Amino acid sequence: MEFGWADEDARHRDEILGFLDEVLPGDWEAISKHGPGSDQQAAFSRTFCGEMAARGWLTQHWPEAFGGRDASPWRHAVVGEEMWAIGEPRGAQYMNVNWIGPAIMHFGSDAQKAEHLPRISSGDVLWCQGFSEPEAGSDLAGLRTLAIRDGDDYVVNGTKIWTSYVDNADFIFLLVRTDPDSRRHKGVSVLLCPVDSPGVEVREIPSVVGARYFHEVFFSDARVPASCLLGPEGEGWNVVNYALQYERVGAARYARAARTLDRLAEIARERGLLSDPTVVERLAEARGVCEAARVLTYRVIDERAKGLPPSPHTQLARVAGTRSDTVVANLALDLLGAEAFEYGSYGDANFRLAMTAGVAVGATEVQLNLIASRFLGLPKL
Amino acid sequence: MEFGWADEDARHRDEILGFLDEVLPGDWEAISKHGPGSDQQAAFSRTFCGEMAARGWLTQHWPEAFGGRDASPWRHAVVGEEMWAIGEPRGAQYMNVNWIGPAIMHFGSDAQKAEHLPRISSGDVLWCQGFSEPEAGSDLAGLRTLAIRDGDDYVVNGTKIWTSYVDNADFIFLLVRTDPDSRRHKGVSVLLCPVDSPGVEVREIPSVVGARYFHEVFFSDARVPASCLLGPEGEGWNVVNYALQYERVGAARYARAARTLDRLAEIARERGLLSDPTVVERLAEARGVCEAARVLTYRVIDERAKGLPPSPHTQLARVAGTRSDTVVANLALDLLGAEAFEYGSYGDANFRLAMTAGVAVGATEVQLNLIASRFLGLPKL
Amino acid sequence: MSFDVSSDPPVDLPFDLAFDPGQQAIADAVARFCADRFDDDAVKQSTGAVPRDAWQELAGLGVLGVLTPEGEGGLLEAVAAMEALGRAVFPGPLAATFLATRVLADPERSRVAGGSVLVSVGSAGLWPFAEQAGVVLEIDDESVRRVHFASAPTPVDTLGGETWGRAPVVRDADLPDAAAGLVVYRTLLAAQLAAMGRRLVDDASAHAAVRKQFGRPIGDFQAVAHPLADCAMRLDAAATLARAAACYRDAGADAPSRRYAAAAHVSACQAGLDAAHVCHQVFGAVGITLEGPVFHVSRRIRQLASTAPGPDASRRVLTSCMNGEAAQ
Amino acid sequence: MSFDVSSDPPVDLPFDLAFDPGQQAIADAVARFCADRFDDDAVKQSTGAVPRDAWQELAGLGVLGVLTPEGEGGLLEAVAAMEALGRAVFPGPLAATFLATRVLADPERSRVAGGSVLVSVGSAGLWPFAEQAGVVLEIDDESVRRVHFASAPTPVDTLGGETWGRAPVVRDADLPDAAAGLVVYRTLLAAQLAAMGRRLVDDASAHAAVRKQFGRPIGDFQAVAHPLADCAMRLDAAATLARAAACYRDAGADAPSRRYAAAAHVSACQAGLDAAHVCHQVFGAVGITLEGPVFHVSRRIRQLASTAPGPDASRRVLTSCMNGEAAQ
């Protein structure tokens, strides 16, 4: 961006790009192809995040008191864009630094802060999130995993599903029902649960979008120390909402989409396809969609940088980001034609993305519901 | 259609085309531009339908007992396609022959049959339909126009809206609530109401799609003879449903869309636009959409020809027909560019059509609701 | 033909696009065969090569030979079979095989129809099931050509889960009657795609009718129901266009069969892809699993929808129909 | 400038696309002016010629001169004004006038900014408000050219309700700084279209929140609510892209301003048209009436969305950005 970025943020982008050049291995594309859940990428993320931490960049947007540098949300956004565009070498650790750490800072006991924040900040711990259940998808009100206090432990029983990264993770940010008689959002709590707790079993669900992407996690009388409770018992809904505010900017999908689009434009030029107005039209439409997602995301970052409360602009940015994914992936398929047939090819990866965009990020229709009610004043859907 | 049409139906199409050549005036396009509600077209429809009647074609699909020839639904479809494609010179009388006449045949008293059917059959009476009200659109359950029996009359009070053709019509097929305490579909009746009844007042609502297209009709203590009641009192819902079964084939929108598309392809060829793959793609997509609407409509005609009960295929055909309207109209606008700006031009007419298609035919979303529940077994929406 | 075909004459009505009893018997027999011998689990596992046993059995039913003189069927009979095969997501080079039985001569034709020789139809150096194929046909907008591999094909794992191959070819001879062959090919691809899409839409509808979120079945939400309804309409239209193309072809009406085959193909490709997308959305995370109810269908739809000569060629046909021939 | 502009410096943040107090003051003043002096009824009646009185009053506010040296404003100030004018569906050659104040020199520039001379920007022989225009500019992908009519223009009643004219022209001179002028023009067209579309979406949402069918407000149906939400998102994106283009332009950043102006224009044309269609559907029959809440806006959106040089030219710009210049 020639204009708009503060000089120091623009310089930081250059630093990050230089760093990526330096530390990403030659076969990074092959590694990243298998997705952030894969063993290869999980292993690499510890090295990579360690290097970032050594340079003071991994949690630079955290307060100094917790090992950060109080860097602005803009600088954090620069990092997010470049990481996402290149295939997210931080792997699952983007969750640590984006919202798990901040939730622990806000709700954690001193002991929890001391245990977890330095590890996150140094880049060698992997977390995952345990929200979804077989009977509760976008609708957390149906949460059924029970955690019953028994002496100094909680005894946990239930099943989580669609859990990403869990088999390489050290901890799971686990949402449970601590009051069995409660309903909907009440009586729900968060446990910072070690994945190696006795009674926790993990089973992979083979997925379309990469290895180790989905799992079921079974809790059978799993004992989790009561000291793992984050925030007050029964206040889990507030903890999650607070944490997800930090996620309001979301992943920089447009950055990946724009990168893909640049590559497609290059391919189109090399093959002389730019004399076809259909190709020009679709490249241009896709570029417009990516840029739209970018500016809508920047507005959300801007609001956060100014300390404004979350607004419906978050949902606009998310829907726009999903749209950029879908539009570019479909264009890739159409442009690459039969080449896209090859398994593991660029086109194949884009097919998987095109089909599943909007599902993985939490149903687009929920976002549209929120736009309708919060942004347009329609009845709550 | 080189194949599929019975020889006699194919011959009849030729006859109809020859007839149109013969009887349509040179300035027909200028007349039809103002829409079937206009004074010019209303006046012309009496001449035109008289000529059709003289050849025995106007109600040829009616039973012989009522002045018809027992012609097949296929032959009737041939007529519908050619009429619709050329701009419907029958004007409002298509309703007479399609469903108002058949409803009177089925529910009418001998006196009603004797009064109305010969006039419809000879082509010099205009009917309109009075269903919608300010507070009841697609949802007839909210019907409020009251008709209270008083001696030999009904006294009618209320307002109808969006009534087409009424200011040139002789009769209105009027849906009223005869039991003021009734709710929803019960207590509703049909009156064959003369438009010149005392207490009936008509006001035009200027419309985007042509002159005299929309009206409000006010009933203020209007007295309508009780002999105008069609079918039993309180059974109006059944009468309407029976009548609309005859409308299940609907207007041959695809025929008009295909005609427009032929003209657009010709324009594209003349201007050398066919070397642009974008134009080829859109012409082809539009052609596919028109042909799809055509075959889906033919299937409904086939079912009717075989005496099968109405099926959800009706809704499929209707949604497809609306889609053909929209797709072709939008293509016309894009292809014609600035030419479409001229008021009254081909492009302008298509703009009005593109914007309003789907509204005028009864909301597309209602049709989609019906497809979801009746064709796919989803919950009733 | 080994079907129990009633001898009722077809009803004498224009545009009776419902199957006659003979065609319906074919569709039913194929559906039964798939359910018994090649169910969903078999389909999900049938990645890689063509499963020769099942293929042979299918041929044994007489299905693959329906277009041969001995088969005594027309394109509408093949469409009837293809609709059932598409709905069952039966693997292998189906449309290619029907095409070959139309353009090849005996004894090769009989071997193809009998299932002992597999056909690869492709272009641009990428060949379906290349290593297994005994006959290779190169196809483009206007012609069907006999070719053979210049060197052993390099295996390519495809998006659709099938093992294809790359190889340069030596061109042998243009086959006669390519125009009719292309009509057969496009019509059958369209029938297959429309049936596969419809299968997904039906499965997704059944799921949406029972899966609850926010206390209601998700099919209760128009955001779920309307896209499904719209896809159903468009898939049904594509299937009906394919039947119309077959009717015309069987009546020897060249121009309209060409037009309807192209319209069916264009419509089926787009409607199939949209259906795949919509159904992935309706199934949510389950649809992203490898063994779930969507992916084994959606990946094949995507592959079929780009199979050479792709929908662009059909678009060119449709546009030329509007400008050259009388557009009825 | 006659606005009450606070002298606060702009906040020093990247991508602060919110208006600063000065820009907001312009937007507010224009919105008040439109509400007071040119309300919905006036807009609906303002077919045919440009209403000169209202135009003169608008100029008197200093709005049309914001891009002149005396106006001391940048493109972002013009965007602020245009958003308010678009929302009010104010008639006349707005973007054309701003373009002219950017590419013409005094004394003509002052007359245009002062409202006494009207500008017609067009191409291909069709000229907006031809009979009233004192300055005629021909515009294409890359240039802005001074022209004059070779003969008196023939009046043309347009779809948008405005009286334009057909006439051959004699070309005078290419104007300097056409690239910057095109950025101004596209950015302002985009801001206007996005605001007009948003106006429709807001009106339709208000309608959907109260209008009942089947016992519920229609906005309760996702089939109504989701298309409105989707349009709102896309219009908002187009408006934000226009603001970004203006920021870059005002900072003298040529390449990104060109790219963002093109992206804004492409996005606004499509989102505006889609919004018009969706809102017609939401309003039902009321939307088809001549005096209803939709048509006077939708017809102008349609016309603006095809105004030369149309979105195709912006698409070419966007694609060339990807391939020529560094795509950042």
# chains A, B, ... in the order shown; residues from 1 in each chain; ligands from 1
>>> interface_residues(of="chain A", to="chain B", cutoff="10 Å", atoms="only C-alpha atoms", output="MDAnalysis selection string")
chainID A and resid 275:281
>>> write_last_selection(atoms="C-alpha atoms", output="mmCIF file, in the first residue's frame")
data_model
loop_
_atom_site.group_PDB
_atom_site.id
_atom_site.type_symbol
_atom_site.label_atom_id
_atom_site.label_comp_id
_atom_site.auth_asym_id
_atom_site.auth_seq_id
_atom_site.Cartn_x
_atom_site.Cartn_y
_atom_site.Cartn_z
ATOM 1 C CA SER A 275 -7.606 -10.903 -25.177
ATOM 2 C CA ASP A 276 -10.712 -12.754 -24.023
ATOM 3 C CA PRO A 277 -13.084 -10.183 -22.506
ATOM 4 C CA THR A 278 -14.694 -12.928 -20.408
ATOM 5 C CA VAL A 279 -11.395 -13.480 -18.645
ATOM 6 C CA VAL A 280 -10.824 -9.768 -18.185
ATOM 7 C CA GLU A 281 -14.295 -9.341 -16.770
#
>>> select_by_dssp(residues="range 67-271 of chain A", states="strand (DSSP E)", output="ChimeraX atom specification")
/A:127-130,146-150,153-161,171-177,188-194,200-205,214-225,229-230
>>> write_last_selection(atoms="N, CA and C atoms", output="short mmCIF file (atom, residue, chain, number, x, y, z; two decimals), in the first residue's frame")
data_model
loop_
_atom_site.label_atom_id
_atom_site.label_comp_id
_atom_site.auth_asym_id
_atom_site.auth_seq_id
_atom_site.Cartn_x
_atom_site.Cartn_y
_atom_site.Cartn_z
N TRP A 127 -2.55 -24.65 21.05
CA TRP A 127 -3.90 -24.68 21.60
C TRP A 127 -4.90 -25.04 20.51
N CYS A 128 -6.05 -25.53 20.97
CA CYS A 128 -7.15 -25.67 20.02
C CYS A 128 -8.42 -25.26 20.75
N GLN A 129 -9.51 -25.13 20.00
CA GLN A 129 -10.75 -24.71 20.66
C GLN A 129 -11.78 -25.81 20.62
N GLY A 130 -12.47 -26.00 21.74
CA GLY A 130 -13.48 -27.05 21.84
C GLY A 130 -14.85 -26.46 22.09
N LEU A 146 -20.73 -32.12 29.85
CA LEU A 146 -20.91 -31.79 31.26
C LEU A 146 -19.58 -31.83 32.00
N ALA A 147 -19.36 -30.84 32.88
CA ALA A 147 -18.19 -30.86 33.77
C ALA A 147 -18.71 -30.68 35.19
N ILE A 148 -18.65 -31.76 35.96
CA ILE A 148 -19.21 -31.72 37.32
C ILE A 148 -18.07 -31.67 38.34
N ARG A 149 -18.19 -30.71 39.23
CA ARG A 149 -17.14 -30.53 40.23
C ARG A 149 -17.12 -31.73 41.17
N ASP A 150 -15.91 -32.25 41.38
CA ASP A 150 -15.75 -33.39 42.29
C ASP A 150 -14.43 -33.17 43.02
N ASP A 153 -11.30 -31.47 41.30
CA ASP A 153 -11.36 -31.68 39.84
C ASP A 153 -12.74 -31.37 39.30
N TYR A 154 -12.77 -31.20 37.99
CA TYR A 154 -14.03 -31.35 37.27
C TYR A 154 -13.98 -32.70 36.58
N VAL A 155 -15.13 -33.39 36.59
CA VAL A 155 -15.22 -34.65 35.85
C VAL A 155 -16.02 -34.36 34.58
N VAL A 156 -15.36 -34.57 33.46
CA VAL A 156 -15.94 -34.13 32.19
C VAL A 156 -16.42 -35.33 31.39
N ASN A 157 -17.67 -35.22 30.88
CA ASN A 157 -18.22 -36.25 30.00
C ASN A 157 -18.93 -35.59 28.82
N GLY A 158 -18.65 -36.11 27.65
CA GLY A 158 -19.30 -35.54 26.47
C GLY A 158 -18.41 -35.68 25.25
N THR A 159 -18.86 -35.09 24.17
CA THR A 159 -18.14 -35.19 22.91
C THR A 159 -18.07 -33.83 22.23
N LYS A 160 -16.88 -33.47 21.80
CA LYS A 160 -16.70 -32.30 20.95
C LYS A 160 -16.44 -32.78 19.53
N ILE A 161 -16.82 -31.98 18.58
CA ILE A 161 -16.64 -32.41 17.19
C ILE A 161 -16.14 -31.25 16.35
N PHE A 171 -3.19 -27.89 24.76
CA PHE A 171 -4.35 -27.50 25.55
C PHE A 171 -5.57 -27.31 24.65
N ILE A 172 -6.71 -27.48 25.26
CA ILE A 172 -7.94 -27.20 24.54
C ILE A 172 -8.74 -26.17 25.34
N PHE A 173 -9.17 -25.11 24.65
CA PHE A 173 -9.98 -24.06 25.25
C PHE A 173 -11.41 -24.59 25.21
N LEU A 174 -11.82 -25.20 26.32
CA LEU A 174 -12.96 -26.11 26.31
C LEU A 174 -14.21 -25.49 26.92
N LEU A 175 -15.28 -25.49 26.15
CA LEU A 175 -16.55 -24.96 26.64
C LEU A 175 -17.39 -26.12 27.17
N VAL A 176 -17.81 -26.02 28.44
CA VAL A 176 -18.57 -27.11 29.06
C VAL A 176 -19.76 -26.54 29.82
N ARG A 177 -20.69 -27.43 30.12
CA ARG A 177 -21.82 -27.04 30.96
C ARG A 177 -21.50 -27.50 32.38
N VAL A 188 -22.71 -22.27 31.79
CA VAL A 188 -21.65 -22.73 30.90
C VAL A 188 -20.32 -22.15 31.38
N SER A 189 -19.24 -22.93 31.30
CA SER A 189 -17.94 -22.46 31.78
C SER A 189 -16.83 -22.83 30.78
N VAL A 190 -15.66 -22.20 30.98
CA VAL A 190 -14.50 -22.50 30.13
C VAL A 190 -13.43 -23.19 30.97
N LEU A 191 -12.90 -24.30 30.47
CA LEU A 191 -11.77 -24.96 31.10
C LEU A 191 -10.55 -24.88 30.18
N LEU A 192 -9.39 -24.55 30.78
CA LEU A 192 -8.13 -24.59 30.03
C LEU A 192 -7.59 -26.00 30.21
N CYS A 193 -8.05 -26.89 29.37
CA CYS A 193 -7.90 -28.32 29.62
C CYS A 193 -6.69 -28.92 28.90
N PRO A 194 -5.78 -29.54 29.66
CA PRO A 194 -4.66 -30.23 29.00
C PRO A 194 -5.20 -31.37 28.13
N VAL A 200 -9.42 -38.43 28.03
CA VAL A 200 -9.63 -37.67 26.79
C VAL A 200 -9.12 -38.50 25.62
N GLU A 201 -9.98 -38.71 24.65
CA GLU A 201 -9.58 -39.51 23.49
C GLU A 201 -9.90 -38.73 22.21
N VAL A 202 -8.98 -38.80 21.28
CA VAL A 202 -9.11 -38.02 20.05
C VAL A 202 -9.22 -38.95 18.85
N ARG A 203 -10.17 -38.69 17.96
CA ARG A 203 -10.28 -39.49 16.73
C ARG A 203 -10.38 -38.56 15.53
N GLU A 204 -9.56 -38.78 14.56
CA GLU A 204 -9.61 -37.91 13.39
C GLU A 204 -10.84 -38.22 12.53
N ILE A 205 -11.43 -37.16 11.97
CA ILE A 205 -12.46 -37.32 10.94
C ILE A 205 -11.82 -36.89 9.63
N PHE A 214 -10.15 -32.12 11.06
CA PHE A 214 -11.32 -32.36 11.91
C PHE A 214 -11.05 -33.52 12.86
N HIS A 215 -11.57 -33.40 14.06
CA HIS A 215 -11.51 -34.51 14.99
C HIS A 215 -12.77 -34.56 15.83
N GLU A 216 -13.00 -35.72 16.39
CA GLU A 216 -13.91 -35.83 17.51
C GLU A 216 -13.06 -35.96 18.76
N VAL A 217 -13.50 -35.34 19.83
CA VAL A 217 -12.80 -35.47 21.11
C VAL A 217 -13.81 -36.01 22.12
N PHE A 218 -13.47 -37.19 22.65
CA PHE A 218 -14.38 -37.84 23.59
C PHE A 218 -13.88 -37.65 25.01
N PHE A 219 -14.76 -37.22 25.87
CA PHE A 219 -14.42 -37.06 27.29
C PHE A 219 -15.19 -38.11 28.08
N SER A 220 -14.45 -39.05 28.69
CA SER A 220 -15.11 -40.12 29.46
C SER A 220 -14.59 -40.04 30.88
N ASP A 221 -15.38 -39.46 31.75
CA ASP A 221 -14.93 -39.24 33.13
C ASP A 221 -13.52 -38.65 33.17
N ALA A 222 -13.28 -37.76 32.24
CA ALA A 222 -11.97 -37.10 32.21
C ALA A 222 -11.86 -36.19 33.42
N ARG A 223 -10.73 -36.26 34.11
CA ARG A 223 -10.56 -35.41 35.30
C ARG A 223 -9.68 -34.23 34.94
N VAL A 224 -10.22 -33.03 35.13
CA VAL A 224 -9.49 -31.80 34.84
C VAL A 224 -9.43 -31.00 36.14
N PRO A 225 -8.22 -30.59 36.57
CA PRO A 225 -8.12 -29.86 37.83
C PRO A 225 -9.00 -28.62 37.83
N LEU A 229 -10.24 -23.85 35.55
CA LEU A 229 -11.42 -23.04 35.24
C LEU A 229 -10.98 -21.61 34.92
N LEU A 230 -11.41 -21.10 33.77
CA LEU A 230 -11.07 -19.71 33.40
C LEU A 230 -12.27 -18.81 33.69
#
>>> residues_around(residues="Phe149 in chain C", least_positions_apart="4", cutoff="8 Å", atoms="only C-alpha atoms", output="ChimeraX atom specification")
/C:153,167-170
>>> write_last_selection(atoms="N, CA, C and O atoms", output="PDB file, in the first residue's frame")
ATOM      1  N   PRO C 153       1.220 -43.614 -20.727  1.00  0.00           N
ATOM      2  CA  PRO C 153       0.716 -42.453 -19.993  1.00  0.00           C
ATOM      3  C   PRO C 153       1.263 -42.374 -18.564  1.00  0.00           C
ATOM      4  O   PRO C 153       1.496 -43.402 -17.925  1.00  0.00           O
ATOM      5  N   ALA C 167      -0.473 -38.178 -21.655  1.00  0.00           N
ATOM      6  CA  ALA C 167       0.347 -38.792 -22.703  1.00  0.00           C
ATOM      7  C   ALA C 167       0.138 -38.035 -23.996  1.00  0.00           C
ATOM      8  O   ALA C 167      -0.965 -37.553 -24.273  1.00  0.00           O
ATOM      9  N   PRO C 168       1.210 -37.948 -24.782  1.00  0.00           N
ATOM     10  CA  PRO C 168       1.026 -37.443 -26.141  1.00  0.00           C
ATOM     11  C   PRO C 168       0.363 -38.539 -26.973  1.00  0.00           C
ATOM     12  O   PRO C 168       0.485 -39.725 -26.651  1.00  0.00           O
ATOM     13  N   VAL C 169      -0.367 -38.128 -28.010  1.00  0.00           N
ATOM     14  CA  VAL C 169      -1.044 -39.144 -28.826  1.00  0.00           C
ATOM     15  C   VAL C 169      -0.669 -39.001 -30.296  1.00  0.00           C
ATOM     16  O   VAL C 169      -0.237 -37.944 -30.744  1.00  0.00           O
ATOM     17  N   VAL C 170      -0.846 -40.098 -30.994  1.00  0.00           N
ATOM     18  CA  VAL C 170      -0.734 -40.084 -32.455  1.00  0.00           C
ATOM     19  C   VAL C 170      -2.158 -40.160 -32.997  1.00  0.00           C
ATOM     20  O   VAL C 170      -2.957 -40.985 -32.544  1.00  0.00           O
TER      21      VAL C 170
END
>>> residues_around(residues="Thr326 in chain A", least_positions_apart="6", cutoff="12 Å", atoms="only C-alpha atoms", output="list in words")
Arg253, Tyr254, Arg256, Ala257, Ala258, Thr260, Leu261, Ala286, Val289, Cys290, Val319, Ala320, Ala332, Leu333, Asn350, Phe351, Arg352, Leu353, Ala354, Met355, Thr356, Ala357, Gly358, Val359 and Thr364 of chain A; His277 of chain C
>>> closest_atom_pairs(of="chain C", to="chain B", cutoff="8 Å", atoms="only C-alpha atoms", output="Markdown table")
| residue | atom | partner | partner_atom | distance |
| --- | --- | --- | --- | --- |
| C:Leu13 | CA | B:Ala6 | CA | 7.2 |
| C:Pro14 | CA | B:Gly4 | CA | 4.3 |
| C:Phe15 | CA | B:Gly4 | CA | 5.4 |
| C:Asp16 | CA | B:Asp302 | CA | 6.4 |
| C:Leu17 | CA | B:Arg299 | CA | 7.1 |
| C:Asp202 | CA | B:Leu376 | CA | 6.6 |
| C:Ser205 | CA | B:Leu376 | CA | 6.2 |
| C:Ala206 | CA | B:Leu378 | CA | 7.4 |
| C:Ala208 | CA | B:Leu378 | CA | 7.1 |
| C:Ala209 | CA | B:Leu378 | CA | 5.3 |
| C:Pro217 | CA | B:Pro379 | CA | 7.8 |
| C:Gly219 | CA | B:Leu378 | CA | 5.8 |
| C:Asp220 | CA | B:Pro379 | CA | 5.7 |
| C:Phe221 | CA | B:Leu381 | CA | 7.8 |
| C:Gln222 | CA | B:Leu381 | CA | 7.5 |
| C:Ala225 | CA | B:Ala372 | CA | 5.9 |
| C:His226 | CA | B:Leu368 | CA | 5.8 |
| C:Leu228 | CA | B:Ala372 | CA | 7.2 |
| C:Ala229 | CA | B:Ala372 | CA | 5.1 |
| C:Asp230 | CA | B:Leu368 | CA | 7.0 |
| C:Met233 | CA | B:Leu316 | CA | 5.4 |
| C:Arg234 | CA | B:Ala320 | CA | 7.8 |
| C:Ala237 | CA | B:Ala292 | CA | 5.1 |
| C:Ala238 | CA | B:Ala292 | CA | 6.8 |
| C:Thr240 | CA | B:Val295 | CA | 6.6 |
| C:Leu241 | CA | B:Ala292 | CA | 6.4 |
| C:Ala244 | CA | B:Val295 | CA | 7.8 |
| C:Tyr248 | CA | B:Phe3 | CA | 6.5 |
| C:Ala251 | CA | B:Phe3 | CA | 7.4 |
| C:Ala253 | CA | B:Phe3 | CA | 7.0 |
| C:Pro256 | CA | B:Glu2 | CA | 7.5 |
| C:Tyr260 | CA | B:Glu291 | CA | 7.9 |
| C:Ala263 | CA | B:Gly288 | CA | 4.7 |
| C:Ala264 | CA | B:Gly288 | CA | 7.3 |
| C:Val266 | CA | B:Gly288 | CA | 7.0 |
| C:Ser267 | CA | B:Gly288 | CA | 6.2 |
| C:Asp312 | CA | B:Glu281 | CA | 7.5 |
| C:Arg315 | CA | B:Ala284 | CA | 5.0 |
| C:Arg316 | CA | B:Val280 | CA | 6.6 |
| C:Leu318 | CA | B:Ala284 | CA | 5.4 |
| C:Thr319 | CA | B:Ala284 | CA | 5.5 |
| C:Met322 | CA | B:Asp262 | CA | 6.4 |
| C:Asn323 | CA | B:Ala265 | CA | 6.6 |
| C:Ala327 | CA | B:Asp262 | CA | 7.2 |
| C:Gln328 | CA | B:Met1 | CA | 6.2 |
>>> write_last_selection(atoms="C-alpha atoms", output="PDB file, in the first residue's frame")
ATOM      1  CA  LEU C  13     -48.543 -36.966 -27.663  1.00  0.00           C
ATOM      2  CA  PRO C  14     -46.145 -34.184 -28.503  1.00  0.00           C
ATOM      3  CA  PHE C  15     -43.461 -33.689 -25.895  1.00  0.00           C
ATOM      4  CA  ASP C  16     -44.318 -36.619 -23.802  1.00  0.00           C
ATOM      5  CA  LEU C  17     -41.014 -36.573 -22.004  1.00  0.00           C
ATOM      6  CA  ASP C 202     -32.553 -34.779  -2.378  1.00  0.00           C
ATOM      7  CA  SER C 205     -33.337 -31.811   1.592  1.00  0.00           C
ATOM      8  CA  ALA C 206     -33.795 -34.944   3.662  1.00  0.00           C
ATOM      9  CA  ALA C 208     -32.556 -30.232   6.215  1.00  0.00           C
ATOM     10  CA  ALA C 209     -35.960 -31.664   7.077  1.00  0.00           C
ATOM     11  CA  PRO C 217     -35.389 -27.942  11.304  1.00  0.00           C
ATOM     12  CA  GLY C 219     -35.143 -26.606   6.121  1.00  0.00           C
ATOM     13  CA  ASP C 220     -37.546 -24.259   7.849  1.00  0.00           C
ATOM     14  CA  PHE C 221     -35.227 -21.391   6.990  1.00  0.00           C
ATOM     15  CA  GLN C 222     -35.714 -19.932   3.530  1.00  0.00           C
ATOM     16  CA  ALA C 225     -34.878 -24.059   1.425  1.00  0.00           C
ATOM     17  CA  HIS C 226     -34.850 -21.556  -1.427  1.00  0.00           C
ATOM     18  CA  LEU C 228     -32.351 -26.036  -2.725  1.00  0.00           C
ATOM     19  CA  ALA C 229     -35.629 -25.316  -4.511  1.00  0.00           C
ATOM     20  CA  ASP C 230     -33.895 -23.192  -7.110  1.00  0.00           C
ATOM     21  CA  MET C 233     -35.761 -26.501 -10.627  1.00  0.00           C
ATOM     22  CA  ARG C 234     -32.640 -25.961 -12.689  1.00  0.00           C
ATOM     23  CA  ALA C 237     -34.869 -28.417 -16.379  1.00  0.00           C
ATOM     24  CA  ALA C 238     -31.474 -29.756 -17.463  1.00  0.00           C
ATOM     25  CA  THR C 240     -35.788 -32.535 -19.166  1.00  0.00           C
ATOM     26  CA  LEU C 241     -33.735 -30.810 -21.851  1.00  0.00           C
ATOM     27  CA  ALA C 244     -35.888 -33.667 -25.260  1.00  0.00           C
ATOM     28  CA  TYR C 248     -35.176 -35.445 -31.243  1.00  0.00           C
ATOM     29  CA  ALA C 251     -36.474 -39.121 -34.389  1.00  0.00           C
ATOM     30  CA  ALA C 253     -34.083 -34.510 -36.157  1.00  0.00           C
ATOM     31  CA  PRO C 256     -32.999 -29.576 -32.751  1.00  0.00           C
ATOM     32  CA  TYR C 260     -31.186 -29.289 -27.125  1.00  0.00           C
ATOM     33  CA  ALA C 263     -28.738 -26.445 -23.960  1.00  0.00           C
ATOM     34  CA  ALA C 264     -28.948 -29.481 -21.697  1.00  0.00           C
ATOM     35  CA  VAL C 266     -24.766 -25.927 -20.504  1.00  0.00           C
ATOM     36  CA  SER C 267     -27.669 -26.044 -18.059  1.00  0.00           C
ATOM     37  CA  ASP C 312     -17.931 -23.388 -23.645  1.00  0.00           C
ATOM     38  CA  ARG C 315     -22.309 -22.342 -25.695  1.00  0.00           C
ATOM     39  CA  ARG C 316     -20.791 -21.821 -29.111  1.00  0.00           C
ATOM     40  CA  LEU C 318     -26.160 -22.647 -28.961  1.00  0.00           C
ATOM     41  CA  THR C 319     -25.171 -19.239 -30.226  1.00  0.00           C
ATOM     42  CA  MET C 322     -29.497 -18.711 -33.007  1.00  0.00           C
ATOM     43  CA  ASN C 323     -27.668 -17.154 -35.900  1.00  0.00           C
ATOM     44  CA  ALA C 327     -34.222 -20.546 -34.266  1.00  0.00           C
ATOM     45  CA  GLN C 328     -37.576 -22.213 -34.614  1.00  0.00           C
TER      46      GLN C 328
END
